[in-house]
file my_file-v9.pdb (PDB, C-alpha atoms)
ATOM      1  CA  MET X   1      74.699 154.099 103.041  1.00  0.00           C
ATOM      2  CA  ASN X   2      78.129 153.373 104.561  1.00  0.00           C
ATOM      3  CA  ARG X   3      81.249 155.483 104.307  1.00  0.00           C
ATOM      4  CA  ARG X   4      82.647 153.550 101.333  1.00  0.00           C
ATOM      5  CA  MET X   5      79.428 153.916  99.329  1.00  0.00           C
ATOM      6  CA  LEU X   6      79.221 157.639 100.081  1.00  0.00           C
ATOM      7  CA  ARG X   7      82.840 158.087  99.035  1.00  0.00           C
ATOM      8  CA  LEU X   8      82.176 156.243  95.759  1.00  0.00           C
ATOM      9  CA  ALA X   9      79.131 158.419  95.075  1.00  0.00           C
ATOM     10  CA  ALA X  10      81.130 161.586  95.714  1.00  0.00           C
ATOM     11  CA  ASP X  11      83.955 160.290  93.518  1.00  0.00           C
ATOM     12  CA  GLY X  12      81.499 159.575  90.726  1.00  0.00           C
ATOM     13  CA  LEU X  13      80.034 163.073  90.808  1.00  0.00           C
ATOM     14  CA  LEU X  14      83.447 164.691  90.923  1.00  0.00           C
ATOM     15  CA  GLY X  15      84.597 162.466  88.067  1.00  0.00           C
ATOM     16  CA  VAL X  16      81.884 163.973  85.873  1.00  0.00           C
ATOM     17  CA  LEU X  17      82.869 167.496  86.911  1.00  0.00           C
ATOM     18  CA  ASP X  18      86.546 166.750  86.279  1.00  0.00           C
ATOM     19  CA  ARG X  19      85.796 165.677  82.721  1.00  0.00           C
ATOM     20  CA  LEU X  20      83.983 168.951  82.120  1.00  0.00           C
ATOM     21  CA  ASP X  21      86.703 171.051  83.777  1.00  0.00           C
ATOM     22  CA  PRO X  22      89.880 168.975  84.391  1.00  0.00           C
ATOM     23  CA  PRO X  23      91.768 170.019  87.534  1.00  0.00           C
ATOM     24  CA  ARG X  24      95.206 171.606  87.153  1.00  0.00           C
ATOM     25  CA  CYS X  25      97.910 171.802  89.803  1.00  0.00           C
ATOM     26  CA  LEU X  26      97.772 175.084  91.695  1.00  0.00           C
ATOM     27  CA  PHE X  27     101.565 175.086  92.051  1.00  0.00           C
ATOM     28  CA  CYS X  28     103.060 173.791  88.798  1.00  0.00           C
ATOM     29  CA  GLY X  29     100.148 173.671  86.342  1.00  0.00           C
ATOM     30  CA  ASP X  30     100.404 169.932  85.624  1.00  0.00           C
ATOM     31  CA  ALA X  31      97.290 167.768  85.474  1.00  0.00           C
ATOM     32  CA  GLY X  32      95.638 167.260  88.848  1.00  0.00           C
ATOM     33  CA  PHE X  33      94.818 163.862  90.275  1.00  0.00           C
ATOM     34  CA  GLY X  34      92.262 162.446  92.666  1.00  0.00           C
ATOM     35  CA  HIS X  35      89.803 165.307  91.952  1.00  0.00           C
ATOM     36  CA  MET X  36      92.316 167.787  93.352  1.00  0.00           C
ATOM     37  CA  ASP X  37      93.881 170.874  91.821  1.00  0.00           C
ATOM     38  CA  LEU X  38      97.234 169.377  92.702  1.00  0.00           C
ATOM     39  CA  CYS X  39      99.471 167.051  90.702  1.00  0.00           C
ATOM     40  CA  ARG X  40     100.725 163.759  92.091  1.00  0.00           C
ATOM     41  CA  ALA X  41     104.280 165.049  92.663  1.00  0.00           C
ATOM     42  CA  CYS X  42     103.149 168.137  94.585  1.00  0.00           C
ATOM     43  CA  TYR X  43     100.661 166.049  96.562  1.00  0.00           C
ATOM     44  CA  GLN X  44     103.386 163.620  97.573  1.00  0.00           C
ATOM     45  CA  ALA X  45     105.488 166.578  98.723  1.00  0.00           C
ATOM     46  CA  MET X  46     102.861 167.567 101.286  1.00  0.00           C
ATOM     47  CA  PRO X  47     104.432 167.259 104.770  1.00  0.00           C
ATOM     48  CA  ASP X  48     102.926 164.352 106.701  1.00  0.00           C
ATOM     49  CA  ASN X  49     102.563 164.698 110.448  1.00  0.00           C
ATOM     50  CA  ALA X  50     104.396 161.429 110.997  1.00  0.00           C
ATOM     51  CA  ILE X  51     103.589 159.211 114.005  1.00  0.00           C
ATOM     52  CA  PRO X  52     101.829 161.902 116.060  1.00  0.00           C
ATOM     53  CA  CYS X  53     100.612 161.654 119.628  1.00  0.00           C
ATOM     54  CA  PRO X  54      96.930 160.626 119.334  1.00  0.00           C
ATOM     55  CA  ARG X  55      95.862 163.309 121.848  1.00  0.00           C
ATOM     56  CA  CYS X  56      97.816 166.456 120.879  1.00  0.00           C
ATOM     57  CA  ALA X  57      99.073 165.436 117.381  1.00  0.00           C
ATOM     58  CA  LEU X  58     102.660 166.494 117.999  1.00  0.00           C
ATOM     59  CA  PRO X  59     105.169 164.163 116.291  1.00  0.00           C
ATOM     60  CA  TRP X  60     105.810 161.273 118.654  1.00  0.00           C
ATOM     61  CA  SER X  61     106.757 157.625 118.333  1.00  0.00           C
ATOM     62  CA  GLY X  62     105.490 155.999 121.509  1.00  0.00           C
ATOM     63  CA  GLY X  63     101.710 156.341 121.704  1.00  0.00           C
ATOM     64  CA  THR X  64     100.299 159.081 123.928  1.00  0.00           C
ATOM     65  CA  CYS X  65     103.012 161.583 124.840  1.00  0.00           C
ATOM     66  CA  ALA X  66     104.073 162.209 128.428  1.00  0.00           C
ATOM     67  CA  ALA X  67     102.592 165.720 128.455  1.00  0.00           C
ATOM     68  CA  CYS X  68      99.147 164.424 127.451  1.00  0.00           C
ATOM     69  CA  LEU X  69      99.318 161.636 130.030  1.00  0.00           C
ATOM     70  CA  THR X  70     100.035 164.267 132.691  1.00  0.00           C
ATOM     71  CA  SER X  71      97.695 167.000 131.480  1.00  0.00           C
ATOM     72  CA  PRO X  72      95.334 165.709 128.755  1.00  0.00           C
ATOM     73  CA  PRO X  73      93.413 168.124 126.518  1.00  0.00           C
ATOM     74  CA  ALA X  74      89.628 168.346 126.602  1.00  0.00           C
ATOM     75  CA  TRP X  75      89.212 166.439 123.358  1.00  0.00           C
ATOM     76  CA  GLN X  76      89.589 162.653 123.328  1.00  0.00           C
ATOM     77  CA  ALA X  77      91.579 162.320 120.087  1.00  0.00           C
ATOM     78  CA  ALA X  78      93.327 164.532 117.551  1.00  0.00           C
ATOM     79  CA  VAL X  79      93.412 163.803 113.813  1.00  0.00           C
ATOM     80  CA  ILE X  80      95.822 166.233 112.129  1.00  0.00           C
ATOM     81  CA  PRO X  81      97.542 164.656 109.117  1.00  0.00           C
ATOM     82  CA  PHE X  82      99.920 167.463 108.025  1.00  0.00           C
ATOM     83  CA  ARG X  83     102.572 169.745 109.484  1.00  0.00           C
ATOM     84  CA  TYR X  84     102.133 173.487 109.108  1.00  0.00           C
ATOM     85  CA  VAL X  85     104.980 174.045 106.669  1.00  0.00           C
ATOM     86  CA  PRO X  86     105.012 174.641 102.879  1.00  0.00           C
ATOM     87  CA  PRO X  87     103.189 173.745 100.727  1.00  0.00           C
ATOM     88  CA  VAL X  88     100.351 173.144 103.236  1.00  0.00           C
ATOM     89  CA  ALA X  89     101.035 176.488 104.936  1.00  0.00           C
ATOM     90  CA  ASN X  90     100.942 178.200 101.527  1.00  0.00           C
ATOM     91  CA  LEU X  91      97.575 176.652 100.701  1.00  0.00           C
ATOM     92  CA  ILE X  92      96.084 177.773 104.016  1.00  0.00           C
ATOM     93  CA  THR X  93      97.443 181.295 103.490  1.00  0.00           C
ATOM     94  CA  GLU X  94      96.034 181.425  99.942  1.00  0.00           C
ATOM     95  CA  LEU X  95      92.616 180.429 101.259  1.00  0.00           C
ATOM     96  CA  LYS X  96      92.567 182.490 104.438  1.00  0.00           C
ATOM     97  CA  TYR X  97      93.981 185.768 103.177  1.00  0.00           C
ATOM     98  CA  HIS X  98      93.395 185.658  99.411  1.00  0.00           C
ATOM     99  CA  ALA X  99      90.081 183.738  99.184  1.00  0.00           C
ATOM    100  CA  ARG X 100      91.546 181.086  96.869  1.00  0.00           C
ATOM    101  CA  PHE X 101      88.779 178.534  97.347  1.00  0.00           C
ATOM    102  CA  MET X 102      90.589 176.063  95.124  1.00  0.00           C
ATOM    103  CA  ALA X 103      92.922 175.659  98.125  1.00  0.00           C
ATOM    104  CA  ALA X 104      89.978 174.634 100.323  1.00  0.00           C
ATOM    105  CA  ARG X 105      89.182 171.797  97.933  1.00  0.00           C
ATOM    106  CA  ILE X 106      92.807 170.634  97.905  1.00  0.00           C
ATOM    107  CA  LEU X 107      93.081 170.746 101.692  1.00  0.00           C
ATOM    108  CA  GLY X 108      89.729 169.061 102.260  1.00  0.00           C
ATOM    109  CA  TRP X 109      90.344 166.166  99.890  1.00  0.00           C
ATOM    110  CA  SER X 110      93.964 165.764 101.033  1.00  0.00           C
ATOM    111  CA  PHE X 111      92.697 165.514 104.618  1.00  0.00           C
ATOM    112  CA  CYS X 112      90.218 162.812 103.609  1.00  0.00           C
ATOM    113  CA  ASP X 113      92.817 160.881 101.655  1.00  0.00           C
ATOM    114  CA  ARG X 114      95.114 160.760 104.699  1.00  0.00           C
ATOM    115  CA  LEU X 115      92.179 159.989 106.976  1.00  0.00           C
ATOM    116  CA  ASP X 116      91.429 156.781 105.081  1.00  0.00           C
ATOM    117  CA  ALA X 117      94.768 155.373 106.191  1.00  0.00           C
ATOM    118  CA  ILE X 118      94.676 156.404 109.855  1.00  0.00           C
ATOM    119  CA  TYR X 119      91.059 156.308 110.979  1.00  0.00           C
ATOM    120  CA  PRO X 120      88.693 153.347 111.557  1.00  0.00           C
ATOM    121  CA  SER X 121      85.492 153.863 109.575  1.00  0.00           C
ATOM    122  CA  HIS X 122      83.217 152.379 112.260  1.00  0.00           C
ATOM    123  CA  ASP X 123      84.238 155.004 114.820  1.00  0.00           C
ATOM    124  CA  MET X 124      83.484 158.099 112.754  1.00  0.00           C
ATOM    125  CA  PRO X 125      81.959 161.044 114.684  1.00  0.00           C
ATOM    126  CA  GLN X 126      78.359 161.903 113.920  1.00  0.00           C
ATOM    127  CA  LEU X 127      78.783 165.652 113.441  1.00  0.00           C
ATOM    128  CA  LEU X 128      81.469 167.786 111.827  1.00  0.00           C
ATOM    129  CA  ILE X 129      81.567 171.218 113.501  1.00  0.00           C
ATOM    130  CA  PRO X 130      83.817 173.883 111.955  1.00  0.00           C
ATOM    131  CA  MET X 131      85.622 176.224 114.320  1.00  0.00           C
ATOM    132  CA  PRO X 132      83.463 179.365 114.212  1.00  0.00           C
ATOM    133  CA  LEU X 133      84.504 182.960 113.661  1.00  0.00           C
ATOM    134  CA  HIS X 134      82.693 185.827 115.321  1.00  0.00           C
ATOM    135  CA  TYR X 135      80.192 187.260 112.847  1.00  0.00           C
ATOM    136  CA  SER X 136      82.110 190.558 112.609  1.00  0.00           C
ATOM    137  CA  ARG X 137      85.346 188.729 111.704  1.00  0.00           C
ATOM    138  CA  GLN X 138      83.528 186.521 109.213  1.00  0.00           C
ATOM    139  CA  ARG X 139      81.796 189.530 107.665  1.00  0.00           C
ATOM    140  CA  GLN X 140      85.155 191.271 107.309  1.00  0.00           C
ATOM    141  CA  ARG X 141      86.810 188.229 105.708  1.00  0.00           C
ATOM    142  CA  GLY X 142      83.716 187.172 103.775  1.00  0.00           C
ATOM    143  CA  PHE X 143      83.897 183.507 104.788  1.00  0.00           C
ATOM    144  CA  ASN X 144      85.079 181.065 107.460  1.00  0.00           C
ATOM    145  CA  GLN X 145      88.169 179.211 106.206  1.00  0.00           C
ATOM    146  CA  ALA X 146      87.606 176.233 108.538  1.00  0.00           C
ATOM    147  CA  CYS X 147      84.052 175.845 107.237  1.00  0.00           C
ATOM    148  CA  ALA X 148      85.212 176.163 103.613  1.00  0.00           C
ATOM    149  CA  ILE X 149      87.550 173.195 104.079  1.00  0.00           C
ATOM    150  CA  ALA X 150      85.072 171.254 106.238  1.00  0.00           C
ATOM    151  CA  GLN X 151      82.459 171.410 103.475  1.00  0.00           C
ATOM    152  CA  HIS X 152      84.726 169.301 101.269  1.00  0.00           C
ATOM    153  CA  VAL X 153      85.536 166.937 104.139  1.00  0.00           C
ATOM    154  CA  ALA X 154      81.842 166.437 104.885  1.00  0.00           C
ATOM    155  CA  THR X 155      81.088 165.717 101.206  1.00  0.00           C
ATOM    156  CA  CYS X 156      83.998 163.308 100.954  1.00  0.00           C
ATOM    157  CA  LEU X 157      83.123 161.370 104.128  1.00  0.00           C
ATOM    158  CA  GLY X 158      79.334 161.613 103.979  1.00  0.00           C
ATOM    159  CA  MET X 159      79.261 163.358 107.353  1.00  0.00           C
ATOM    160  CA  GLN X 160      76.727 165.857 108.624  1.00  0.00           C
ATOM    161  CA  LEU X 161      78.231 169.347 108.569  1.00  0.00           C
ATOM    162  CA  ALA X 162      76.901 171.413 111.483  1.00  0.00           C
ATOM    163  CA  PRO X 163      78.258 174.978 111.251  1.00  0.00           C
ATOM    164  CA  ARG X 164      75.565 176.562 113.472  1.00  0.00           C
ATOM    165  CA  LEU X 165      75.872 174.400 116.584  1.00  0.00           C
ATOM    166  CA  LEU X 166      78.891 176.272 117.950  1.00  0.00           C
ATOM    167  CA  TRP X 167      79.344 180.037 117.778  1.00  0.00           C
ATOM    168  CA  ARG X 168      81.169 183.000 119.276  1.00  0.00           C
ATOM    169  CA  PRO X 169      78.756 185.323 121.077  1.00  0.00           C
ATOM    170  CA  GLY X 170      81.443 187.989 121.530  1.00  0.00           C
ATOM    171  CA  ALA X 171      84.391 189.189 119.479  1.00  0.00           C
ATOM    172  CA  THR X 172      87.936 188.448 120.678  1.00  0.00           C
ATOM    173  CA  ALA X 173      91.270 189.873 119.628  1.00  0.00           C
ATOM    174  CA  SER X 174      93.293 187.992 117.036  1.00  0.00           C
ATOM    175  CA  GLN X 175      95.353 185.144 118.466  1.00  0.00           C
ATOM    176  CA  VAL X 176      98.221 185.794 116.039  1.00  0.00           C
ATOM    177  CA  GLY X 177     101.391 186.760 117.905  1.00  0.00           C
ATOM    178  CA  LEU X 178      99.994 186.136 121.399  1.00  0.00           C
ATOM    179  CA  SER X 179     101.777 183.948 123.944  1.00  0.00           C
ATOM    180  CA  GLY X 180     100.124 180.790 125.229  1.00  0.00           C
ATOM    181  CA  ALA X 181      98.987 182.514 128.435  1.00  0.00           C
ATOM    182  CA  ALA X 182      97.642 185.509 126.501  1.00  0.00           C
ATOM    183  CA  ARG X 183      95.778 183.185 124.145  1.00  0.00           C
ATOM    184  CA  ARG X 184      94.114 181.453 127.093  1.00  0.00           C
ATOM    185  CA  ARG X 185      92.990 184.755 128.597  1.00  0.00           C
ATOM    186  CA  ASN X 186      91.820 186.057 125.233  1.00  0.00           C
ATOM    187  CA  ILE X 187      89.618 183.053 124.471  1.00  0.00           C
ATOM    188  CA  GLN X 188      87.964 182.503 127.884  1.00  0.00           C
ATOM    189  CA  GLY X 189      84.183 182.349 127.548  1.00  0.00           C
ATOM    190  CA  ALA X 190      84.421 182.877 123.798  1.00  0.00           C
ATOM    191  CA  PHE X 191      82.090 180.045 122.692  1.00  0.00           C
ATOM    192  CA  ALA X 192      78.508 178.908 123.101  1.00  0.00           C
ATOM    193  CA  ALA X 193      76.895 175.679 121.865  1.00  0.00           C
ATOM    194  CA  ARG X 194      73.409 174.432 121.069  1.00  0.00           C
ATOM    195  CA  SER X 195      72.979 171.820 123.811  1.00  0.00           C
ATOM    196  CA  SER X 196      69.889 170.160 122.340  1.00  0.00           C
ATOM    197  CA  ALA X 197      71.762 169.350 119.127  1.00  0.00           C
ATOM    198  CA  VAL X 198      75.086 168.121 120.558  1.00  0.00           C
ATOM    199  CA  ARG X 199      73.903 166.315 123.703  1.00  0.00           C
ATOM    200  CA  GLY X 200      74.894 162.649 123.561  1.00  0.00           C
ATOM    201  CA  ARG X 201      76.530 163.021 120.122  1.00  0.00           C
ATOM    202  CA  GLN X 202      80.071 162.261 119.023  1.00  0.00           C
ATOM    203  CA  VAL X 203      81.461 165.322 117.299  1.00  0.00           C
ATOM    204  CA  ALA X 204      84.562 166.319 115.370  1.00  0.00           C
ATOM    205  CA  LEU X 205      85.657 169.926 115.899  1.00  0.00           C
ATOM    206  CA  PHE X 206      87.352 171.036 112.679  1.00  0.00           C
ATOM    207  CA  ASP X 207      89.965 173.778 112.196  1.00  0.00           C
ATOM    208  CA  ASP X 208      92.594 174.698 109.642  1.00  0.00           C
ATOM    209  CA  VAL X 209      95.642 174.940 111.950  1.00  0.00           C
ATOM    210  CA  VAL X 210      96.299 174.034 115.590  1.00  0.00           C
ATOM    211  CA  THR X 211      99.050 176.045 117.263  1.00  0.00           C
ATOM    212  CA  THR X 212      98.935 176.306 121.073  1.00  0.00           C
ATOM    213  CA  GLY X 213      95.501 174.677 121.295  1.00  0.00           C
ATOM    214  CA  ALA X 214      93.945 177.517 123.317  1.00  0.00           C
ATOM    215  CA  THR X 215      91.074 178.093 120.897  1.00  0.00           C
ATOM    216  CA  ALA X 216      90.427 174.384 120.412  1.00  0.00           C
ATOM    217  CA  MET X 217      90.553 173.791 124.176  1.00  0.00           C
ATOM    218  CA  ALA X 218      87.910 176.445 124.819  1.00  0.00           C
ATOM    219  CA  ALA X 219      85.680 175.195 122.002  1.00  0.00           C
ATOM    220  CA  ALA X 220      85.991 171.520 122.974  1.00  0.00           C
ATOM    221  CA  THR X 221      85.253 172.323 126.622  1.00  0.00           C
ATOM    222  CA  THR X 222      82.127 174.223 125.559  1.00  0.00           C
ATOM    223  CA  LEU X 223      80.902 171.261 123.510  1.00  0.00           C
ATOM    224  CA  LEU X 224      81.506 168.839 126.377  1.00  0.00           C
ATOM    225  CA  ASP X 225      79.756 171.168 128.828  1.00  0.00           C
ATOM    226  CA  ALA X 226      76.812 171.234 126.381  1.00  0.00           C
ATOM    227  CA  GLY X 227      76.560 167.450 126.665  1.00  0.00           C
ATOM    228  CA  ALA X 228      78.600 166.085 123.764  1.00  0.00           C
ATOM    229  CA  ALA X 229      79.491 162.450 124.433  1.00  0.00           C
ATOM    230  CA  ARG X 230      82.892 162.713 122.749  1.00  0.00           C
ATOM    231  CA  VAL X 231      84.850 165.475 121.051  1.00  0.00           C
ATOM    232  CA  GLU X 232      87.669 164.876 118.607  1.00  0.00           C
ATOM    233  CA  LEU X 233      89.887 167.619 117.247  1.00  0.00           C
ATOM    234  CA  TRP X 234      90.325 167.471 113.492  1.00  0.00           C
ATOM    235  CA  ALA X 235      92.544 169.927 111.649  1.00  0.00           C
ATOM    236  CA  VAL X 236      94.501 170.095 108.425  1.00  0.00           C
ATOM    237  CA  ALA X 237      97.829 171.087 109.946  1.00  0.00           C
ATOM    238  CA  ARG X 238      99.711 171.124 113.220  1.00  0.00           C
ATOM    239  CA  SER X 239     102.338 173.710 114.055  1.00  0.00           C
ATOM    240  CA  GLN X 240     105.390 172.319 115.780  1.00  0.00           C
ATOM    241  CA  GLY X 241     105.022 174.307 118.983  1.00  0.00           C
ATOM    242  CA  PRO X 242     103.752 172.497 122.107  1.00  0.00           C
ATOM    243  CA  LEU X 243     100.196 172.837 123.335  1.00  0.00           C
ATOM    244  CA  THR X 244     101.287 175.491 125.801  1.00  0.00           C
ATOM    245  CA  ALA X 245      97.668 176.419 126.453  1.00  0.00           C
ATOM    246  CA  LEU X 246      97.210 173.064 128.146  1.00  0.00           C
ATOM    247  CA  ARG X 247     100.405 172.851 130.163  1.00  0.00           C
ATOM    248  CA  HIS X 248     100.288 175.889 132.443  1.00  0.00           C
TER     249      HIS X 248
END

call {"tool": "encode", "arguments": {"input": "my_file-v9.pdb", "output": "structure tokens"}}
result
Amino acid sequence: MNRRMLRLAADGLLGVLDRLDPPRCLFCGDAGFGHMDLCRACYQAMPDNAIPCPRCALPWSGGTCAACLTSPPAWQAAVIPFRYVPPVANLITELKYHARFMAARILGWSFCDRLDAIYPSHDMPQLLIPMPLHYSRQRQRGFNQACAIAQHVATCLGMQLAPRLLWRPGATASQVGLSGAARRRNIQGAFAARSSAVRGRQVALFDDVVTTGATAMAAATTLLDAGAARVELWAVARSQGPLTALRH
């Protein structure tokens, strides 16, 4: 079954669910659209990451940016359709810190809707791998926010979700508030991958937000070292800071 057929099947199932429990906009309370708990006006207000560099996803208007030509990241392409500003930032906060899983559905389906316009269907990766949390962090939070969003993306696109192929064998300090150099030091050796499952496969590494890229760089490098044929970085939102983890 191709991507279009899988999308139609998912739309049909969600259409039935929507009739039983119609979605309402999380922000203004108006009727939702496109199976999302977001109205059309609020959806259209979501901040597009316009004309990004295809490698680092920073806003750019001339193909691959000069920084990526000089010092490319480990992943071969970045697909990050939104900027990390309200209301996208609010939705991620509601999910991550308040367990509002309705936000995961909005973010996942919004990602897919933007993906349809920017991504060729015949080049889709074979595996969707959420950025893992260490088990102690996940136990404390109760869930992995990247995996919560990725579940909706996988359903929407008919992709294989593979949350157990990449993990963190040791706990690391929070990256929040750290400089680019400190983030790189903090995340060194933080990941392990199941080589037998990723070897020769094209994978999409999925996260909620990309900031300096230190975590994504370490995870993508681990997947490539495990034998992945190609790694793409997928995320909902891109902060506007440079990928300092890759430049020094």

call {"tool": "atom_distance", "arguments": {"input": "my_file-v9.pdb", "atom1": "CA of Ala146 in chain X", "atom2": "CA of Met131 in chain X"}}
result
6.1 Å

call {"tool": "resolve_selection", "arguments": {"input": "my_file-v9.pdb", "expression": "the PyMOL selection byres ((chain X and resi 77) around 9)", "output": "PyMOL selection string"}}
result
chain X and resi 54-57+73+75-76+78-79+231-234

call {"tool": "resolve_selection", "arguments": {"input": "my_file-v9.pdb", "expression": "the PyMOL selection byres ((chain X and resi 224) around 10)", "output": "list in words"}}
result
Ala74, Trp75, Ala193, Ser195, Val198, Arg199, Gly200, Arg201, Gln202, Val203, Ala219, Ala220, Thr221, Thr222, Leu223, Asp225, Ala226, Gly227, Ala228, Ala229, Arg230 and Val231 of chain X

call {"tool": "atom_distance", "arguments": {"input": "my_file-v9.pdb", "atom1": "CA of Leu69 in chain X", "atom2": "CA of Gly213 in chain X"}}
result
16.2 Å

call {"tool": "axis_aligned_box", "arguments": {"input": "my_file-v9.pdb", "around": "range 34-47 of chain X", "padding_each_side": "5 Å", "output": "lines of an AutoDock Vina configuration file"}}
result
center_x = 97.6
center_y = 166.7
center_z = 97.7
size_x = 25.7
size_y = 18.4
size_z = 24.1

call {"tool": "resolve_selection", "arguments": {"input": "my_file-v9.pdb", "expression": "the PyMOL selection byres ((chain X and resi 38) around 8)", "output": "compact mmCIF listing (two decimals) with C-alpha atoms, keeping the file's coordinate frame"}}
result
# COMPACT_ATOMS: atom_id res chain seq x y z
CA PRO X 23 91.77 170.02 87.53
CA ARG X 24 95.21 171.61 87.15
CA CYS X 25 97.91 171.80 89.80
CA LEU X 26 97.77 175.08 91.70
CA PHE X 27 101.56 175.09 92.05
CA ASP X 30 100.40 169.93 85.62
CA ALA X 31 97.29 167.77 85.47
CA GLY X 32 95.64 167.26 88.85
CA PHE X 33 94.82 163.86 90.28
CA MET X 36 92.32 167.79 93.35
CA ASP X 37 93.88 170.87 91.82
CA CYS X 39 99.47 167.05 90.70
CA ARG X 40 100.72 163.76 92.09
CA CYS X 42 103.15 168.14 94.58
CA TYR X 43 100.66 166.05 96.56
CA ILE X 106 92.81 170.63 97.90

call {"tool": "atom_distance", "arguments": {"input": "my_file-v9.pdb", "atom1": "CA of Asp113 in chain X", "atom2": "CA of Cys156 in chain X"}}
result
9.2 Å

call {"tool": "residues_around", "arguments": {"input": "my_file-v9.pdb", "residues": "Lys96 in chain X", "least_positions_apart": "4", "cutoff": "8 Å", "atoms": "all atoms listed in the file", "output": "list of chain:residue names"}}
result
X:Ile92, X:Arg100, X:Gln145

call {"tool": "residues_near_point", "arguments": {"input": "my_file-v9.pdb", "point": "(101.3, 175.0, 100.0)", "cutoff": "12 Å", "atoms": "all atoms listed in the file", "output": "CSV table (one decimal) with C-alpha atoms, keeping the file's coordinate frame"}}
result
chain,number,residue,atom,x,y,z
X,25,CYS,CA,97.9,171.8,89.8
X,26,LEU,CA,97.8,175.1,91.7
X,27,PHE,CA,101.6,175.1,92.1
X,28,CYS,CA,103.1,173.8,88.8
X,37,ASP,CA,93.9,170.9,91.8
X,38,LEU,CA,97.2,169.4,92.7
X,42,CYS,CA,103.1,168.1,94.6
X,43,TYR,CA,100.7,166.0,96.6
X,44,GLN,CA,103.4,163.6,97.6
X,45,ALA,CA,105.5,166.6,98.7
X,46,MET,CA,102.9,167.6,101.3
X,47,PRO,CA,104.4,167.3,104.8
X,82,PHE,CA,99.9,167.5,108.0
X,83,ARG,CA,102.6,169.7,109.5
X,84,TYR,CA,102.1,173.5,109.1
X,85,VAL,CA,105.0,174.0,106.7
X,86,PRO,CA,105.0,174.6,102.9
X,87,PRO,CA,103.2,173.7,100.7
X,88,VAL,CA,100.4,173.1,103.2
X,89,ALA,CA,101.0,176.5,104.9
X,90,ASN,CA,100.9,178.2,101.5
X,91,LEU,CA,97.6,176.7,100.7
X,92,ILE,CA,96.1,177.8,104.0
X,93,THR,CA,97.4,181.3,103.5
X,94,GLU,CA,96.0,181.4,99.9
X,95,LEU,CA,92.6,180.4,101.3
X,100,ARG,CA,91.5,181.1,96.9
X,102,MET,CA,90.6,176.1,95.1
X,103,ALA,CA,92.9,175.7,98.1
X,104,ALA,CA,90.0,174.6,100.3
X,106,ILE,CA,92.8,170.6,97.9
X,107,LEU,CA,93.1,170.7,101.7
X,110,SER,CA,94.0,165.8,101.0
X,236,VAL,CA,94.5,170.1,108.4
X,237,ALA,CA,97.8,171.1,109.9

call {"tool": "residues_around", "arguments": {"input": "my_file-v9.pdb", "residues": "Cys112 in chain X", "least_positions_apart": "2", "cutoff": "9 Å", "atoms": "only C-alpha atoms", "output": "number ranges by chain"}}
result
X: 107-110, 114-116, 152-153, 156-157

call {"tool": "write_last_selection", "arguments": {"input": "my_file-v9.pdb", "atoms": "C-alpha atoms", "output": "mmCIF file, in the frame of the given file"}}
result
data_model
loop_
_atom_site.group_PDB
_atom_site.id
_atom_site.type_symbol
_atom_site.label_atom_id
_atom_site.label_comp_id
_atom_site.auth_asym_id
_atom_site.auth_seq_id
_atom_site.Cartn_x
_atom_site.Cartn_y
_atom_site.Cartn_z
ATOM 1 C CA LEU X 107 93.081 170.746 101.692
ATOM 2 C CA GLY X 108 89.729 169.061 102.260
ATOM 3 C CA TRP X 109 90.344 166.166 99.890
ATOM 4 C CA SER X 110 93.964 165.764 101.033
ATOM 5 C CA ARG X 114 95.114 160.760 104.699
ATOM 6 C CA LEU X 115 92.179 159.989 106.976
ATOM 7 C CA ASP X 116 91.429 156.781 105.081
ATOM 8 C CA HIS X 152 84.726 169.301 101.269
ATOM 9 C CA VAL X 153 85.536 166.937 104.139
ATOM 10 C CA CYS X 156 83.998 163.308 100.954
ATOM 11 C CA LEU X 157 83.123 161.370 104.128
#

call {"tool": "residues_around", "arguments": {"input": "my_file-v9.pdb", "residues": "Gly142 in chain X", "least_positions_apart": "5", "cutoff": "12 Å", "atoms": "all atoms listed in the file", "output": "list of chain:residue names"}}
result
X:Leu95, X:Lys96, X:Tyr97, X:His98, X:Ala99, X:Phe101, X:Leu133, X:His134, X:Tyr135, X:Ser136, X:Arg137, X:Cys147, X:Ala148

call {"tool": "closest_residue", "arguments": {"input": "my_file-v9.pdb", "among": "X:Cys68, X:Ala190, X:Ile80, X:Ala150", "to": "Asn49 in chain X", "atoms": "all atoms listed in the file"}}
result
X:Ile80

call {"tool": "residues_around", "arguments": {"input": "my_file-v9.pdb", "residues": "Ser61 in chain X", "least_positions_apart": "5", "cutoff": "12 Å", "atoms": "only C-alpha atoms", "output": "PyMOL selection string"}}
result
chain X and resi 49-54+66

call {"tool": "closest_residue", "arguments": {"input": "my_file-v9.pdb", "among": "X:Ala67, X:Val210, X:Thr215, X:Leu166", "to": "Ser196 in chain X", "atoms": "only C-alpha atoms"}}
result
X:Leu166

call {"tool": "build_atoms", "arguments": {"input": "my_file-v9.pdb", "residues": "range 54-58 of chain X", "atoms": "N, CA and C atoms", "output": "PDB file, in the frame of the given file"}}
result
ATOM      1  N   PRO X  54      98.353 160.658 119.677  1.00  0.00           N
ATOM      2  CA  PRO X  54      96.930 160.626 119.334  1.00  0.00           C
ATOM      3  C   PRO X  54      96.076 161.647 120.085  1.00  0.00           C
ATOM      4  N   ARG X  55      96.633 162.311 121.099  1.00  0.00           N
ATOM      5  CA  ARG X  55      95.862 163.309 121.848  1.00  0.00           C
ATOM      6  C   ARG X  55      96.167 164.741 121.425  1.00  0.00           C
ATOM      7  N   CYS X  56      97.464 165.073 121.221  1.00  0.00           N
ATOM      8  CA  CYS X  56      97.816 166.456 120.879  1.00  0.00           C
ATOM      9  C   CYS X  56      98.321 166.598 119.449  1.00  0.00           C
ATOM     10  N   ALA X  57      98.636 165.481 118.781  1.00  0.00           N
ATOM     11  CA  ALA X  57      99.073 165.436 117.381  1.00  0.00           C
ATOM     12  C   ALA X  57     100.472 165.981 117.150  1.00  0.00           C
ATOM     13  N   LEU X  58     101.251 166.181 118.207  1.00  0.00           N
ATOM     14  CA  LEU X  58     102.660 166.494 117.999  1.00  0.00           C
ATOM     15  C   LEU X  58     103.391 165.221 117.572  1.00  0.00           C
TER      16      LEU X  58
END
